[in-house]
Amino acid sequence: MAALVEPAQPATDGRTRDRVAQLLLQWGSATAGELGAELGLSSAAIRRHLDAMLAEGLVEDRERPQRGRRGRGRPARVFSLTAAARESFPHHYDDLATAALRWIAQQHGPAAVSAFAAAQVAALEERCRTAMREAGDDPLARADALAGALTAEGYAAGASTIASGGQLCQHHCPVAHVAAEFPQLCEAETQVISRLVGTHVQRLATIANGDGVCTTHIPGHVLPLRPVEHTDNVRTVR
């Protein structure tokens, strides 16, 4: 049998690691020898990649159960992808969600899509409301608390004060691709923000619309002017 030739490449070569990950995803699990035979590399070369992936939490290993009498040497190690590694592969959830909403719109009209969107954010609203119990009544303080609650939900949100009130910025949107076709999702989320901060809000930008961040304006309370006194032709404000 011809000897396997190892190409001159570092152990962390991205292309080889991607091929190893793809095979583990396809097969479920495999030994270094099985992966090497498929990729034309030695078991030692594959193990260097697997060791790096183990250190990063991308694969896990276990002993392969042996039937009958165990031979000499160490038992074979079987490698498989971790849940975190599986999540890094592309998914088709967005395509499925978009197709489902298209069907709802065709069968029941845009109002049904809006109702669906409102139902989807209801649980998020309740979780955020629970997290904001100690926020008080001021809309800007509530916006700051809401930013923390949304960040815990994966939205990478932040709140800031501006001259006209405040801004709530969300740097991640888990449904951006779907919302690009169905803005009812953004509208339902905006209504949730309004209810949670306790005042009318205005969406200025959305990731779904191609902006870099979802930005919501929260009007501040305008303080009444204090009475003006005239003293020796000089106006002073108390």
# chains A, B, ... in the order shown; residues from 1 in each chain; ligands from 1
$ closest_atom_pairs --of "region 71-120 of chain A" --to "region 35-56 of chain A" --cutoff "10 Å" --atoms "only C-alpha atoms" --output "tab-separated table"
residue	atom	partner	partner_atom	distance
A:Phe79	CA	A:Leu50	CA	8.0
A:Ser80	CA	A:Leu50	CA	9.9
A:Leu81	CA	A:Met53	CA	9.2
A:Thr82	CA	A:Leu54	CA	9.4
A:Ala85	CA	A:Met53	CA	9.5
$ write_last_selection --atoms "N, CA, C and O atoms" --output "short mmCIF file (atom, residue, chain, number, x, y, z; two decimals), in the first residue's frame"
data_model
loop_
_atom_site.label_atom_id
_atom_site.label_comp_id
_atom_site.auth_asym_id
_atom_site.auth_seq_id
_atom_site.Cartn_x
_atom_site.Cartn_y
_atom_site.Cartn_z
N PHE A 79 -14.14 10.44 17.71
CA PHE A 79 -14.35 11.88 17.83
C PHE A 79 -15.70 12.26 17.22
O PHE A 79 -16.13 11.70 16.22
N SER A 80 -16.35 13.23 17.86
CA SER A 80 -17.61 13.76 17.34
C SER A 80 -17.68 15.25 17.65
O SER A 80 -16.98 15.75 18.53
N LEU A 81 -18.51 15.96 16.90
CA LEU A 81 -18.65 17.40 17.10
C LEU A 81 -19.43 17.70 18.38
O LEU A 81 -20.35 16.96 18.74
N THR A 82 -19.07 18.79 19.02
CA THR A 82 -19.85 19.26 20.17
C THR A 82 -21.06 20.04 19.67
O THR A 82 -21.14 20.42 18.49
N ALA A 85 -20.05 23.34 18.14
CA ALA A 85 -19.54 23.24 16.78
C ALA A 85 -20.66 23.06 15.77
O ALA A 85 -20.63 23.64 14.68
#
$ residues_around --residues "Ala143 (chain A)" --least-positions-apart "6" --cutoff "10 Å" --atoms "only C-alpha atoms" --output "CSV table (one decimal) with N, CA and C atoms, in the first residue's frame"
chain,number,residue,atom,x,y,z
A,132,MET,N,-37.2,44.0,34.5
A,132,MET,CA,-37.3,45.5,34.7
A,132,MET,C,-38.1,45.9,35.9
A,135,ALA,N,-37.0,49.0,37.8
A,135,ALA,CA,-36.5,50.1,37.0
A,135,ALA,C,-37.2,51.4,37.3
A,149,ALA,N,-31.9,43.8,29.7
A,149,ALA,CA,-32.7,42.6,29.6
A,149,ALA,C,-32.6,42.1,28.1
A,158,GLY,N,-27.9,48.5,24.0
A,158,GLY,CA,-27.4,49.5,24.9
A,158,GLY,C,-28.3,50.7,24.8
A,159,ALA,N,-28.3,51.5,25.9
A,159,ALA,CA,-29.1,52.7,25.9
A,159,ALA,C,-28.3,53.9,26.2
A,160,SER,N,-28.6,55.1,25.6
A,160,SER,CA,-27.9,56.3,25.9
A,160,SER,C,-28.8,57.5,25.9
A,161,THR,N,-28.4,58.6,26.5
A,161,THR,CA,-29.2,59.8,26.6
A,161,THR,C,-28.7,60.8,25.6
A,166,GLY,N,-33.7,59.8,24.7
A,166,GLY,CA,-32.8,58.7,24.8
A,166,GLY,C,-32.9,57.8,23.6
A,167,GLN,N,-31.9,56.9,23.4
A,167,GLN,CA,-31.9,56.0,22.3
A,167,GLN,C,-31.6,54.6,22.9
A,168,LEU,N,-32.3,53.6,22.3
A,168,LEU,CA,-32.1,52.2,22.6
A,168,LEU,C,-31.5,51.6,21.3
A,169,CYS,N,-30.3,51.1,21.4
A,169,CYS,CA,-29.7,50.5,20.2
A,169,CYS,C,-29.5,49.0,20.4
A,193,ILE,N,-41.3,47.5,22.9
A,193,ILE,CA,-40.4,48.5,23.5
A,193,ILE,C,-41.2,49.6,24.1
A,194,SER,N,-42.2,50.1,23.3
A,194,SER,CA,-43.1,51.2,23.8
A,194,SER,C,-43.8,50.8,25.1
A,196,LEU,N,-42.9,48.6,27.3
A,196,LEU,CA,-42.0,48.3,28.4
A,196,LEU,C,-41.4,49.6,28.9
A,197,VAL,N,-41.1,50.6,28.1
A,197,VAL,CA,-40.5,51.9,28.6
A,197,VAL,C,-41.6,52.8,29.1
A,198,GLY,N,-42.9,52.5,28.6
A,198,GLY,CA,-44.0,53.3,29.1
A,198,GLY,C,-44.3,54.6,28.4
A,216,THR,N,-33.9,52.9,18.3
A,216,THR,CA,-35.2,53.4,18.7
A,216,THR,C,-35.1,54.6,19.6
A,218,ILE,N,-36.4,57.4,22.2
A,218,ILE,CA,-37.3,57.5,23.3
A,218,ILE,C,-37.4,58.9,23.7
$ atom_distance --atom1 "CA of Ala141 (chain A)" --atom2 "CA of Val192 (chain A)"
16.1 Å
$ closest_residue --among "A:Asp211, A:Glu134, A:Glu181, A:Glu125" --to "Glu153 (chain A)" --atoms "only C-alpha atoms"
A:Glu125
$ residues_around --residues "region 57-63 of chain A" --least-positions-apart "6" --cutoff "12 Å" --atoms "only C-alpha atoms" --output "ChimeraX atom specification"
/A:17-18,20-22,24-25,28-32,47,49-51,74-89
$ atom_distance --atom1 "CA of Ala117 (chain A)" --atom2 "CA of His177 (chain A)"
14.4 Å
$ select_by_dssp --residues "region 12-235 of chain A" --states "helix (DSSP H, G or I)" --output "ChimeraX atom specification"
/A:14-27,32-39,43-55,83-87,93-108,110-131,139-152,176-179,184-197,207-209
$ closest_residue --among "A:Ala208, A:Ala147, A:Val121, A:Ala157" --to "Glu189 (chain A)" --atoms "only C-alpha atoms"
A:Val121
